[in-house]
$ cat final-v5.txt   # compact mmCIF, C-alpha atoms and all ligand atoms
# COMPACT_ATOMS: atom_id res chain seq x y z
CA MET E 1 -12.44 1.11 10.92
CA HIS E 2 -13.11 2.92 7.71
CA ILE E 3 -11.89 5.86 5.68
CA LYS E 4 -14.57 8.51 5.31
CA LYS E 5 -12.79 11.02 3.15
CA LEU E 6 -9.63 10.98 1.06
CA THR E 7 -8.22 14.18 -0.46
CA LEU E 8 -5.46 14.14 -3.05
CA SER E 9 -3.46 17.21 -4.12
CA ASN E 10 -0.93 16.94 -6.91
CA PHE E 11 -0.72 13.23 -6.17
CA ARG E 12 0.21 11.28 -9.36
CA ASN E 13 -2.32 12.24 -12.07
CA TYR E 14 -4.71 13.94 -9.59
CA GLU E 15 -4.53 17.70 -9.30
CA ASN E 16 -7.27 17.98 -6.69
CA ALA E 17 -9.66 15.20 -5.87
CA VAL E 18 -11.91 14.16 -3.03
CA PHE E 19 -13.36 10.71 -2.38
CA ASN E 20 -16.20 10.44 0.12
CA PHE E 21 -16.07 6.72 0.77
CA GLN E 22 -18.78 4.71 2.46
CA ASP E 23 -18.26 1.96 5.00
CA GLY E 24 -18.88 -1.23 3.00
CA ILE E 25 -18.07 -1.63 -0.67
CA ASN E 26 -16.69 1.26 -2.78
CA ILE E 27 -16.10 0.72 -6.47
CA LEU E 28 -13.63 2.82 -8.46
CA VAL E 29 -14.35 2.19 -12.12
CA GLY E 30 -12.61 3.51 -15.23
CA ASP E 31 -10.55 2.67 -18.29
CA ASN E 32 -6.85 1.87 -18.13
CA ALA E 33 -4.41 4.54 -16.99
CA GLN E 34 -7.08 6.88 -15.54
CA GLY E 35 -5.87 6.87 -11.93
CA LYS E 36 -7.58 3.93 -10.24
CA THR E 37 -4.40 2.31 -8.94
CA ASN E 38 -3.05 5.74 -8.02
CA SER E 39 -5.95 6.32 -5.65
CA ALA E 40 -5.65 2.80 -4.22
CA GLU E 41 -1.98 3.56 -3.67
CA ALA E 42 -2.90 6.76 -1.80
CA VAL E 43 -5.14 4.80 0.57
CA PHE E 44 -2.33 2.39 1.32
CA TYR E 45 0.08 5.28 1.92
CA LEU E 46 -2.33 6.75 4.40
CA CYS E 47 -2.36 3.50 6.34
CA THR E 48 1.30 2.54 6.31
CA GLY E 49 3.33 5.56 5.16
CA TYR E 50 4.62 3.47 2.28
CA SER E 51 3.69 2.74 -1.32
CA PRO E 52 2.46 -0.75 -2.14
CA ARG E 53 4.40 -0.37 -5.40
CA ALA E 54 8.14 -0.52 -5.05
CA SER E 55 8.41 3.10 -6.21
CA LYS E 56 10.19 6.05 -4.67
CA ASP E 57 8.16 8.52 -2.62
CA LYS E 58 8.98 11.50 -4.83
CA GLN E 59 7.59 9.71 -7.89
CA VAL E 60 4.08 10.34 -6.57
CA ILE E 61 4.46 14.12 -7.03
CA ARG E 62 2.44 15.18 -10.04
CA TYR E 63 4.66 15.86 -13.06
CA GLY E 64 5.87 19.48 -13.03
CA GLU E 65 4.84 20.11 -9.40
CA LYS E 66 7.05 20.58 -6.34
CA GLN E 67 5.04 18.74 -3.75
CA ALA E 68 2.07 16.48 -3.23
CA LYS E 69 -0.30 15.83 -0.38
CA ILE E 70 -2.77 13.18 0.63
CA ALA E 71 -5.12 13.54 3.55
CA GLY E 72 -7.70 11.25 5.06
CA ILE E 73 -10.36 11.32 7.69
CA CYS E 74 -10.97 7.94 9.23
CA SER E 75 -13.25 6.51 11.78
CA SER E 76 -11.39 4.12 14.05
CA ARG E 77 -11.22 2.65 17.54
CA PHE E 78 -9.41 5.85 18.50
CA GLY E 79 -12.37 7.93 17.33
CA GLU E 80 -12.00 10.18 14.33
CA LEU E 81 -8.46 10.36 13.01
CA GLU E 82 -6.99 12.79 10.53
CA VAL E 83 -3.89 11.56 8.75
CA SER E 84 -1.94 13.44 6.13
CA ILE E 85 1.29 12.95 4.25
CA GLU E 86 3.20 15.72 2.49
CA PHE E 87 5.62 14.62 -0.18
CA LYS E 88 8.52 16.91 -1.02
CA GLN E 89 11.39 16.24 -3.42
CA THR E 90 13.70 14.94 -0.71
CA LYS E 91 11.42 13.86 2.12
CA LYS E 92 7.92 13.17 3.28
CA ASP E 93 6.23 14.37 6.47
CA VAL E 94 3.46 12.47 8.16
CA PHE E 95 0.86 14.09 10.43
CA VAL E 96 -1.72 12.47 12.69
CA ASN E 97 -4.39 14.87 13.97
CA GLY E 98 -2.13 17.74 12.95
CA VAL E 99 0.91 16.52 14.89
CA LYS E 100 4.00 15.70 12.86
CA LEU E 101 5.40 12.23 13.53
CA ASN E 102 9.09 11.85 14.28
CA LYS E 103 9.25 8.47 12.61
CA ILE E 104 7.14 7.06 9.79
CA GLY E 105 6.89 3.84 11.82
CA GLU E 106 4.64 5.63 14.31
CA LEU E 107 1.93 5.80 11.67
CA MET E 108 1.58 2.01 11.54
CA GLY E 109 -1.32 0.67 13.53
CA ASN E 110 -3.48 3.81 13.31
CA ILE E 111 -5.44 2.93 10.20
CA ASN E 112 -4.78 -0.54 8.90
CA SER E 113 -5.18 -1.88 5.44
CA VAL E 114 -4.70 -4.97 3.36
CA PHE E 115 -3.79 -4.35 -0.25
CA PHE E 116 -4.26 -6.66 -3.21
CA ASN E 117 -3.48 -6.02 -6.86
CA PRO E 118 -2.51 -8.29 -9.77
CA GLY E 119 1.13 -7.69 -8.93
CA GLU E 120 0.30 -9.50 -5.72
CA LEU E 121 0.32 -12.72 -7.73
CA LYS E 122 4.05 -12.45 -7.23
CA LEU E 123 3.18 -13.43 -3.72
CA ILE E 124 2.66 -16.94 -4.99
CA GLN E 125 4.60 -17.12 -8.24
CA GLN E 126 7.81 -15.30 -7.68
CA SER E 127 10.66 -15.03 -5.31
CA PRO E 128 10.57 -15.65 -1.56
CA GLU E 129 11.31 -11.93 -1.24
CA ASP E 130 7.69 -11.13 -2.10
CA ARG E 131 6.40 -13.55 0.52
CA ARG E 132 8.72 -12.07 3.13
CA ARG E 133 7.49 -8.62 2.17
CA PHE E 134 3.91 -9.79 2.72
CA MET E 135 4.75 -10.97 6.25
CA ASP E 136 6.81 -7.88 7.00
CA ILE E 137 4.16 -5.36 5.94
CA SER E 138 1.45 -7.16 7.80
CA LEU E 139 3.43 -7.77 10.98
CA SER E 140 4.81 -4.24 11.00
CA GLN E 141 1.30 -2.84 11.03
CA MET E 142 0.32 -5.06 13.94
CA ASP E 143 3.53 -4.95 15.94
CA LYS E 144 5.74 -1.86 15.98
CA LYS E 145 8.49 -3.73 17.78
CA TYR E 146 8.63 -6.11 14.83
CA PHE E 147 9.08 -3.16 12.46
CA TYR E 148 11.95 -1.73 14.51
CA THR E 149 13.61 -5.12 15.01
CA LEU E 150 13.43 -5.71 11.27
CA GLN E 151 15.10 -2.36 10.60
CA LYS E 152 17.79 -3.16 13.13
CA TYR E 153 18.30 -6.63 11.65
CA ARG E 154 18.75 -5.22 8.15
CA LYS E 155 21.33 -2.75 9.40
CA ILE E 156 23.37 -5.38 11.24
CA LEU E 157 23.10 -7.75 8.29
CA GLU E 158 24.43 -5.09 5.95
CA GLN E 159 27.37 -4.46 8.28
CA ARG E 160 28.10 -8.18 8.57
CA ASN E 161 27.98 -8.50 4.77
CA ASP E 162 30.38 -5.55 4.40
CA LEU E 163 32.71 -7.23 6.85
CA LEU E 164 32.56 -10.51 4.90
CA LYS E 165 33.83 -8.63 1.84
CA SER E 166 36.78 -7.07 3.67
CA PRO E 167 40.21 -8.30 2.50
CA ASP E 168 41.75 -8.46 5.99
CA LEU E 169 40.67 -12.02 6.79
CA ASP E 170 42.27 -12.24 10.25
CA THR E 171 40.33 -9.22 11.52
CA VAL E 172 37.19 -10.52 9.82
CA ARG E 173 37.38 -13.88 11.61
CA GLU E 174 38.01 -12.15 14.92
CA THR E 175 35.21 -9.62 14.57
CA LEU E 176 32.48 -11.80 13.08
CA PRO E 177 31.40 -13.55 16.31
CA LEU E 178 30.57 -10.17 17.82
CA TRP E 179 28.20 -9.39 14.97
CA ASP E 180 26.80 -12.91 14.95
CA ARG E 181 25.29 -12.72 18.42
CA GLU E 182 23.61 -9.41 17.76
CA LEU E 183 22.35 -10.54 14.40
CA ALA E 184 21.02 -13.79 15.89
CA ASN E 185 19.10 -11.95 18.62
CA SER E 186 17.11 -9.93 16.10
CA ALA E 187 16.86 -12.88 13.70
CA VAL E 188 15.23 -15.19 16.23
CA GLU E 189 12.68 -12.56 17.20
CA ILE E 190 11.75 -12.07 13.54
CA ILE E 191 11.50 -15.79 12.80
CA GLU E 192 9.38 -16.54 15.88
CA LYS E 193 6.97 -13.69 15.10
CA ARG E 194 6.65 -14.81 11.49
CA LYS E 195 5.97 -18.40 12.58
CA ASN E 196 3.30 -17.22 14.93
CA PHE E 197 1.78 -15.02 12.20
CA ILE E 198 1.61 -17.93 9.74
CA SER E 199 -0.04 -20.23 12.25
CA ASN E 200 -2.61 -17.54 13.12
CA LEU E 201 -3.21 -16.90 9.44
CA GLU E 202 -3.61 -20.48 8.25
CA PRO E 203 -7.11 -21.34 9.57
CA TYR E 204 -8.58 -18.15 8.07
CA VAL E 205 -6.86 -18.66 4.75
CA LEU E 206 -8.14 -22.24 4.66
CA ASP E 207 -11.69 -21.10 5.40
CA TYR E 208 -11.68 -18.39 2.68
CA HIS E 209 -9.95 -20.67 0.21
CA GLN E 210 -12.52 -23.42 0.71
CA LYS E 211 -15.35 -20.94 0.35
CA ILE E 212 -14.02 -19.30 -2.83
CA THR E 213 -13.06 -22.57 -4.52
CA ASP E 214 -15.92 -24.60 -3.16
CA GLY E 215 -13.76 -26.98 -1.20
CA ASP E 216 -10.04 -26.90 -2.11
CA ASP E 217 -7.55 -27.29 0.74
CA ILE E 218 -4.62 -24.99 1.41
CA GLU E 219 -1.72 -25.33 3.87
CA LEU E 220 0.85 -22.73 4.89
CA SER E 221 4.18 -23.08 6.66
CA LEU E 222 7.20 -20.90 7.28
CA GLU E 223 10.44 -22.29 5.86
CA THR E 224 13.63 -21.16 7.57
CA PRO E 225 16.59 -22.96 6.02
CA HIS E 226 19.21 -24.30 8.47
CA TYR E 227 17.11 -23.40 11.50
CA THR E 228 14.84 -25.72 13.47
CA GLY E 229 13.64 -23.41 16.23
CA GLY E 230 16.60 -23.84 18.57
CA GLY E 231 16.97 -20.13 19.35
CA VAL E 232 19.96 -17.82 19.27
CA GLU E 233 22.59 -20.52 19.89
CA GLU E 234 21.40 -22.64 16.99
CA LEU E 235 21.64 -19.67 14.64
CA ILE E 236 25.10 -18.75 15.87
CA THR E 237 26.22 -22.34 15.19
CA ALA E 238 24.64 -22.14 11.74
CA TYR E 239 26.56 -18.90 11.00
CA ALA E 240 29.81 -20.54 12.14
CA GLU E 241 29.21 -23.64 10.01
CA ARG E 242 28.72 -21.50 6.92
CA VAL E 243 31.35 -18.88 7.48
CA GLU E 244 33.73 -20.20 4.78
CA LYS E 245 30.94 -20.21 2.21
CA ASP E 246 29.82 -16.74 3.33
CA LEU E 247 33.38 -15.41 2.99
CA ILE E 248 33.57 -16.64 -0.60
CA LEU E 249 30.14 -15.28 -1.50
CA GLY E 250 30.52 -12.04 0.46
CA TYR E 251 27.11 -12.26 2.12
CA THR E 252 25.30 -14.06 4.92
CA THR E 253 23.56 -17.25 3.78
CA VAL E 254 21.54 -18.06 6.92
CA GLY E 255 18.75 -16.17 8.63
CA PRO E 256 15.25 -14.74 8.21
CA HIS E 257 16.29 -12.83 5.08
CA ARG E 258 16.17 -16.35 3.54
CA ASP E 259 12.73 -17.31 4.91
CA ASP E 260 9.90 -18.40 2.65
CA ILE E 261 6.26 -19.38 3.03
CA LYS E 262 5.44 -22.82 1.68
CA ILE E 263 1.93 -22.91 0.21
CA LYS E 264 0.28 -26.20 -0.69
CA VAL E 265 -3.09 -26.46 -2.46
CA ASN E 266 -4.63 -29.92 -2.25
CA GLY E 267 -1.21 -31.23 -1.22
CA GLU E 268 0.75 -29.70 -4.14
CA ASP E 269 3.19 -26.80 -3.93
CA VAL E 270 1.10 -24.08 -5.58
CA ARG E 271 4.22 -21.89 -6.03
CA VAL E 272 5.51 -24.45 -8.52
CA TYR E 273 2.54 -26.45 -9.82
CA GLY E 274 -0.44 -24.12 -9.44
CA SER E 275 -2.40 -22.85 -12.44
CA GLN E 276 -2.77 -19.08 -12.85
CA GLY E 277 -6.32 -19.24 -11.44
CA GLN E 278 -5.25 -21.37 -8.47
CA GLN E 279 -2.41 -19.00 -7.70
CA ARG E 280 -4.67 -15.96 -7.89
CA THR E 281 -7.20 -17.58 -5.61
CA ALA E 282 -4.50 -18.62 -3.13
CA ALA E 283 -3.16 -15.04 -3.10
CA LEU E 284 -6.66 -13.65 -2.48
CA ALA E 285 -7.28 -16.15 0.32
CA LEU E 286 -3.97 -15.10 1.91
CA LYS E 287 -5.02 -11.47 1.81
CA LEU E 288 -8.50 -12.14 3.17
CA GLY E 289 -6.91 -14.22 5.93
CA GLU E 290 -4.69 -11.25 6.69
CA VAL E 291 -7.83 -9.11 7.11
CA CYS E 292 -8.99 -11.50 9.87
CA VAL E 293 -5.62 -11.72 11.64
CA MET E 294 -5.59 -7.92 11.73
CA LYS E 295 -9.12 -7.83 13.03
CA ASN E 296 -7.99 -10.04 15.93
CA ALA E 297 -4.94 -7.92 16.62
CA PHE E 298 -6.83 -4.60 16.71
CA SER E 299 -10.40 -5.66 17.50
CA GLU E 300 -11.47 -3.86 14.34
CA TYR E 301 -11.28 -4.71 10.66
CA PRO E 302 -8.67 -3.13 8.38
CA VAL E 303 -9.63 -1.49 5.10
CA LEU E 304 -9.39 -3.98 2.23
CA ILE E 305 -8.11 -2.60 -1.07
CA LEU E 306 -8.72 -4.85 -4.08
CA ASP E 307 -7.01 -3.23 -7.03
CA ASP E 308 -8.00 -4.99 -10.26
CA ALA E 309 -8.34 -8.23 -8.36
CA LEU E 310 -11.51 -9.68 -9.84
CA SER E 311 -10.84 -9.48 -13.55
CA GLU E 312 -9.28 -12.90 -14.04
CA LEU E 313 -11.47 -14.93 -11.75
CA ASP E 314 -14.19 -17.11 -13.20
CA LEU E 315 -17.78 -16.12 -12.48
CA GLY E 316 -18.30 -18.66 -9.68
CA ARG E 317 -15.19 -17.61 -7.79
CA ARG E 318 -15.96 -13.93 -8.32
CA LYS E 319 -19.49 -14.29 -6.96
CA ARG E 320 -18.38 -16.28 -3.94
CA LEU E 321 -15.61 -13.76 -3.23
CA ILE E 322 -17.97 -10.77 -3.38
CA GLY E 323 -20.29 -12.59 -1.02
CA LEU E 324 -17.43 -12.69 1.52
CA LEU E 325 -16.84 -8.92 1.47
CA SER E 326 -19.12 -7.90 4.25
CA GLY E 327 -18.52 -6.43 7.67
CA PHE E 328 -15.59 -4.24 6.62
CA GLN E 329 -14.75 -1.44 4.21
CA THR E 330 -13.56 -2.54 0.80
CA ILE E 331 -12.22 -0.36 -2.01
CA ILE E 332 -12.36 -2.18 -5.32
CA THR E 333 -10.99 -0.93 -8.63
CA LEU E 334 -12.29 -2.33 -11.92
CA THR E 335 -12.46 -1.44 -15.59
CA GLU E 336 -16.08 -2.57 -15.79
CA ILE E 337 -18.66 -3.35 -13.17
CA PRO E 338 -19.69 -6.99 -13.42
CA GLU E 339 -23.35 -7.79 -12.95
CA GLU E 340 -22.84 -9.60 -9.67
CA LEU E 341 -21.37 -6.40 -8.16
CA ALA E 342 -24.00 -4.10 -9.61
CA SER E 343 -26.54 -5.61 -7.26
CA ALA E 344 -24.25 -5.30 -4.21
CA ASP E 345 -24.88 -2.24 -2.07
CA ALA E 346 -21.82 -0.44 -3.40
CA LYS E 347 -20.92 3.22 -3.82
CA ILE E 348 -19.59 3.88 -7.30
CA PHE E 349 -16.88 6.37 -8.32
CA LYS E 350 -16.13 6.85 -12.01
CA ILE E 351 -12.51 7.82 -12.66
CA GLU E 352 -11.41 9.60 -15.79
CA LYS E 353 -8.03 11.25 -16.26
CA GLY E 354 -7.59 11.97 -12.57
CA LYS E 355 -11.15 13.29 -12.12
CA ILE E 356 -13.91 11.65 -10.14
CA TRP E 357 -17.62 11.40 -10.84
CA CYS E 358 -19.79 10.15 -8.06
CA ALA E 359 -23.56 10.19 -7.54
CA ASP E 360 -23.38 12.11 -4.24
N1 LIG E 401 3.79 11.54 -10.76
C1 LIG E 401 2.85 11.50 -11.71
N2 LIG E 401 2.35 12.63 -12.24
C2 LIG E 401 1.38 12.61 -13.17
N3 LIG E 401 0.86 11.46 -13.67
C3 LIG E 401 1.32 10.30 -13.20
C4 LIG E 401 2.33 10.25 -12.19
N4 LIG E 401 2.59 8.95 -11.91
C5 LIG E 401 1.79 8.23 -12.70
N5 LIG E 401 1.03 9.03 -13.48
C6 LIG E 401 0.04 8.64 -14.50
O1 LIG E 401 -0.99 7.87 -13.93
C7 LIG E 401 -1.51 7.04 -14.94
C8 LIG E 401 -1.71 5.64 -14.43
O2 LIG E 401 -2.63 5.66 -13.44
P1 LIG E 401 -3.09 4.30 -12.74
O3 LIG E 401 -3.77 4.70 -11.51
O4 LIG E 401 -1.96 3.34 -12.62
O5 LIG E 401 -4.11 3.77 -13.82
P2 LIG E 401 -5.28 2.73 -13.70
O6 LIG E 401 -6.54 3.53 -13.74
O7 LIG E 401 -5.14 1.89 -14.93
O8 LIG E 401 -5.10 1.97 -12.46
C9 LIG E 401 -0.52 6.98 -16.07
O9 LIG E 401 -1.09 7.61 -17.19
C10 LIG E 401 0.66 7.73 -15.53
O10 LIG E 401 1.29 8.45 -16.52
MG MG E 402 -4.52 -0.04 -12.24
$ encode --input "final-v5.txt" --output "structure tokens"
Amino acid sequence: MHIKKLTLSNFRNYENAVFNFQDGINILVGDNAQGKTNSAEAVFYLCTGYSPRASKDKQVIRYGEKQAKIAGICSSRFGELEVSIEFKQTKKDVFVNGVKLNKIGELMGNINSVFFNPGELKLIQQSPEDRRRFMDISLSQMDKKYFYTLQKYRKILEQRNDLLKSPDLDTVRETLPLWDRELANSAVEIIEKRKNFISNLEPYVLDYHQKITDGDDIELSLETPHYTGGGVEELITAYAERVEKDLILGYTTVGPHRDDIKIKVNGEDVRVYGSQGQQRTAALALKLGEVCVMKNAFSEYPVLILDDALSELDLGRRKRLIGLLSGFQTIITLTEIPEELASADAKIFKIEKGKIWCAD
């Protein structure tokens, strides 16, 4: 699959802009704060309906304007697809081939993408929340049921947490078991799908990691505290065992909202002991692995977006990485084009203050 054309209207610092992308490598080059990440963000929106940054939808509307629009024409297994998103102050509308979607979730799975930017280092360095987000975004694109189960789980969890904070303890103790079963049903589905995702992902991540680093090992596993795979009943028991603690804290301490991915490089926990370069490489290998898992799920490659991803890699790693970017569409943003990319068969877009210069 690839995006042929992307049109931005009053999106961030773009008034009107058109990108005619090629299948293969596209390079968006420009100084800082010119709009490179903004356009990468637009591509991701087109694929998922969401921003890869944790920003609010209305923040994408160009300063002083009332609404923004992005539109894309893509070539996919469904033939040619036209996707557009209109951002208003209070809502956004998503259209596929001119038909407005009832739910944003329906967009997932049409055009798929994998997004990487330096913030993605959080994936390795920071909280488990970022690693859960990685699994959730990827799984939601591949499996709509996962997306809806996750939404349902979050809703029930919020209600259970509200109940835990209620002062009427007798009612709380009586009502909790009812919530627990429902929560556990969604929880087990989420955990099992994440486990499956991680085991599908691992061999690809290992392969990419070894190729980029010239031989370093990497291992992945899903960590679910207080759960060993025993299904709904085990989780319900775990809730019951922790209910006193949960009542004091006012929130639920067991379940997939506590999951993490353990990542070991050459046997060491890279989350804790990895150098900056090792962490960056591990994050890139995770993302490239995700590209392959998606390819298997859809029988076509997603679009890979590498926003500012090469700048801190040493020359050897950078060269080996670029050598791996074939067979799918990649959109790369950079402040300067390194020599090893100049020789790749890439289409180059120069970005300056929300305007694009391209040879075609
Ligand atoms: N809603 C908006 N309206 C106009 N400009 C915006 C909006 N949101 C962000 N910007 C501008 O976009 C610029 C940053 O663009 P970005 O794509 O992140 O830069 P870079 O090229 O470094 O990746 C900043 O100058 C910021 O002020
Ligand atoms: Mg940027």
$ residues_around --input "final-v5.txt" --residues "region 126-135 of chain E" --least-positions-apart "6" --cutoff "10 Å" --atoms "only C-alpha atoms" --output "list of chain:residue names"
E:Val114, E:Phe115, E:Glu120, E:Lys193, E:Arg194, E:Lys195, E:Phe197, E:Ile198, E:Leu222, E:Glu223, E:Pro256, E:His257, E:Arg258, E:Asp259, E:Asp260, E:Ile261, E:Lys262, E:Arg271, E:Val272, E:Leu286, E:Lys287, E:Glu290
$ axis_aligned_box --input "final-v5.txt" --around "ligand LIG 401 (chain E)" --padding-each-side "8 Å" --output "AutoDock Vina command-line options"
--center_x -1.4 --center_y 7.3 --center_z -14.0 --size_x 26.3 --size_y 26.7 --size_z 22.4
$ residues_near_ligand --input "final-v5.txt" --ligand "ligand MG 402 (chain E)" --cutoff "7 Å" --atoms "only C-alpha atoms and all ligand atoms" --output "ChimeraX atom specification"
/E:32-33,36-37,307-308
$ atom_distance --input "final-v5.txt" --atom1 "CA of Ile356 (chain E)" --atom2 "CA of Glu340 (chain E)"
23.1 Å
$ residues_near_point --input "final-v5.txt" --point "(-18.1, -1.4, -11.5)" --cutoff "7 Å" --atoms "only C-alpha atoms" --output "PyMOL selection string"
chain E and resi 27-29+334-338+341-342+348
$ closest_residue --input "final-v5.txt" --among "E:Ile137, E:Leu157, E:Ile351, E:Leu321" --to "ligand LIG 401 (chain E)" --atoms "all atoms listed in the file"
E:Ile351
$ closest_residue --input "final-v5.txt" --among "E:Gln34, E:Asn26, E:Thr228, E:Ser166" --to "Ile332 (chain E)" --atoms "all atoms listed in the file"
E:Asn26
$ closest_residue --input "final-v5.txt" --among "E:Lys66, E:Lys56, E:Lys264, E:Arg154" --to "Ser221 (chain E)" --atoms "all atoms listed in the file"
E:Lys264
$ atom_distance --input "final-v5.txt" --atom1 "CA of Ala285 (chain E)" --atom2 "CA of Pro225 (chain E)"
25.5 Å
$ closest_atom_pairs --input "final-v5.txt" --of "chain E" --to "ligand LIG 401 (chain E)" --cutoff "7 Å" --atoms "only C-alpha atoms and all ligand atoms" --output "Markdown table"
| residue | atom | partner | partner_atom | distance |
| --- | --- | --- | --- | --- |
| E:Phe11 | CA | E:LIG401 | N1 | 6.7 |
| E:Arg12 | CA | E:LIG401 | C1 | 3.5 |
| E:Asn13 | CA | E:LIG401 | N3 | 3.6 |
| E:Gly30 | CA | E:LIG401 | O6 | 6.3 |
| E:Asp31 | CA | E:LIG401 | O6 | 6.1 |
| E:Asn32 | CA | E:LIG401 | O7 | 3.6 |
| E:Ala33 | CA | E:LIG401 | O5 | 3.3 |
| E:Gln34 | CA | E:LIG401 | O6 | 3.8 |
| E:Gly35 | CA | E:LIG401 | O3 | 3.0 |
| E:Lys36 | CA | E:LIG401 | O6 | 3.7 |
| E:Thr37 | CA | E:LIG401 | O3 | 3.6 |
| E:Asn38 | CA | E:LIG401 | O3 | 3.7 |
| E:Ser39 | CA | E:LIG401 | O3 | 6.5 |
| E:Gln59 | CA | E:LIG401 | N1 | 5.1 |
| E:Val60 | CA | E:LIG401 | N1 | 4.4 |
| E:Ile61 | CA | E:LIG401 | N1 | 4.6 |
| E:Arg62 | CA | E:LIG401 | N2 | 3.4 |
| E:Tyr63 | CA | E:LIG401 | N2 | 4.1 |
$ closest_residue --input "final-v5.txt" --among "E:Ile104, E:Val232, E:Ile111, E:Val293" --to "Val43 (chain E)" --atoms "all atoms listed in the file"
E:Ile111
$ atom_distance --input "final-v5.txt" --atom1 "CA of Gly64 (chain E)" --atom2 "CA of Ile85 (chain E)"
19.0 Å
$ decode --input "final-v5.txt" --residues "region 191-208 of chain E" --atoms "N, CA and C atoms" --output "PDB file, in the first residue's frame"
ATOM      1  N   ILE E 191      -5.084  -9.056  27.114  1.00  0.00           N
ATOM      2  CA  ILE E 191      -3.784  -9.653  27.465  1.00  0.00           C
ATOM      3  C   ILE E 191      -3.397 -10.747  26.462  1.00  0.00           C
ATOM      4  N   GLU E 192      -4.351 -11.605  26.123  1.00  0.00           N
ATOM      5  CA  GLU E 192      -4.031 -12.703  25.190  1.00  0.00           C
ATOM      6  C   GLU E 192      -3.625 -12.155  23.827  1.00  0.00           C
ATOM      7  N   LYS E 193      -4.323 -11.117  23.358  1.00  0.00           N
ATOM      8  CA  LYS E 193      -3.985 -10.545  22.051  1.00  0.00           C
ATOM      9  C   LYS E 193      -2.621  -9.846  22.086  1.00  0.00           C
ATOM     10  N   ARG E 194      -2.322  -9.217  23.200  1.00  0.00           N
ATOM     11  CA  ARG E 194      -1.000  -8.576  23.312  1.00  0.00           C
ATOM     12  C   ARG E 194       0.107  -9.630  23.323  1.00  0.00           C
ATOM     13  N   LYS E 195      -0.128 -10.727  24.054  1.00  0.00           N
ATOM     14  CA  LYS E 195       0.874 -11.806  24.123  1.00  0.00           C
ATOM     15  C   LYS E 195       1.157 -12.358  22.740  1.00  0.00           C
ATOM     16  N   ASN E 196       0.093 -12.583  22.014  1.00  0.00           N
ATOM     17  CA  ASN E 196       0.200 -13.112  20.681  1.00  0.00           C
ATOM     18  C   ASN E 196       0.960 -12.139  19.766  1.00  0.00           C
ATOM     19  N   PHE E 197       0.642 -10.854  19.913  1.00  0.00           N
ATOM     20  CA  PHE E 197       1.316  -9.804  19.136  1.00  0.00           C
ATOM     21  C   PHE E 197       2.818  -9.819  19.413  1.00  0.00           C
ATOM     22  N   ILE E 198       3.187  -9.871  20.689  1.00  0.00           N
ATOM     23  CA  ILE E 198       4.611  -9.846  21.051  1.00  0.00           C
ATOM     24  C   ILE E 198       5.328 -11.081  20.507  1.00  0.00           C
ATOM     25  N   SER E 199       4.671 -12.240  20.562  1.00  0.00           N
ATOM     26  CA  SER E 199       5.386 -13.415  20.051  1.00  0.00           C
ATOM     27  C   SER E 199       5.459 -13.403  18.520  1.00  0.00           C
ATOM     28  N   ASN E 200       4.491 -12.788  17.846  1.00  0.00           N
ATOM     29  CA  ASN E 200       4.623 -12.618  16.387  1.00  0.00           C
ATOM     30  C   ASN E 200       5.722 -11.624  16.042  1.00  0.00           C
ATOM     31  N   LEU E 201       5.825 -10.603  16.876  1.00  0.00           N
ATOM     32  CA  LEU E 201       6.751  -9.498  16.612  1.00  0.00           C
ATOM     33  C   LEU E 201       8.216  -9.910  16.811  1.00  0.00           C
ATOM     34  N   GLU E 202       8.452 -10.719  17.839  1.00  0.00           N
ATOM     35  CA  GLU E 202       9.823 -10.960  18.290  1.00  0.00           C
ATOM     36  C   GLU E 202      10.795 -11.439  17.202  1.00  0.00           C
ATOM     37  N   PRO E 203      10.430 -12.451  16.388  1.00  0.00           N
ATOM     38  CA  PRO E 203      11.420 -12.908  15.400  1.00  0.00           C
ATOM     39  C   PRO E 203      11.813 -11.825  14.390  1.00  0.00           C
ATOM     40  N   TYR E 204      10.868 -10.961  14.017  1.00  0.00           N
ATOM     41  CA  TYR E 204      11.192  -9.875  13.079  1.00  0.00           C
ATOM     42  C   TYR E 204      12.089  -8.833  13.732  1.00  0.00           C
ATOM     43  N   VAL E 205      11.755  -8.504  14.972  1.00  0.00           N
ATOM     44  CA  VAL E 205      12.552  -7.505  15.689  1.00  0.00           C
ATOM     45  C   VAL E 205      13.978  -8.025  15.843  1.00  0.00           C
ATOM     46  N   LEU E 206      14.100  -9.297  16.165  1.00  0.00           N
ATOM     47  CA  LEU E 206      15.435  -9.898  16.322  1.00  0.00           C
ATOM     48  C   LEU E 206      16.209  -9.798  15.004  1.00  0.00           C
ATOM     49  N   ASP E 207      15.553 -10.135  13.902  1.00  0.00           N
ATOM     50  CA  ASP E 207      16.213 -10.119  12.609  1.00  0.00           C
ATOM     51  C   ASP E 207      16.698  -8.699  12.262  1.00  0.00           C
ATOM     52  N   TYR E 208      15.806  -7.709  12.401  1.00  0.00           N
ATOM     53  CA  TYR E 208      16.196  -6.319  12.105  1.00  0.00           C
ATOM     54  C   TYR E 208      17.288  -5.843  13.057  1.00  0.00           C
TER      55      TYR E 208
END
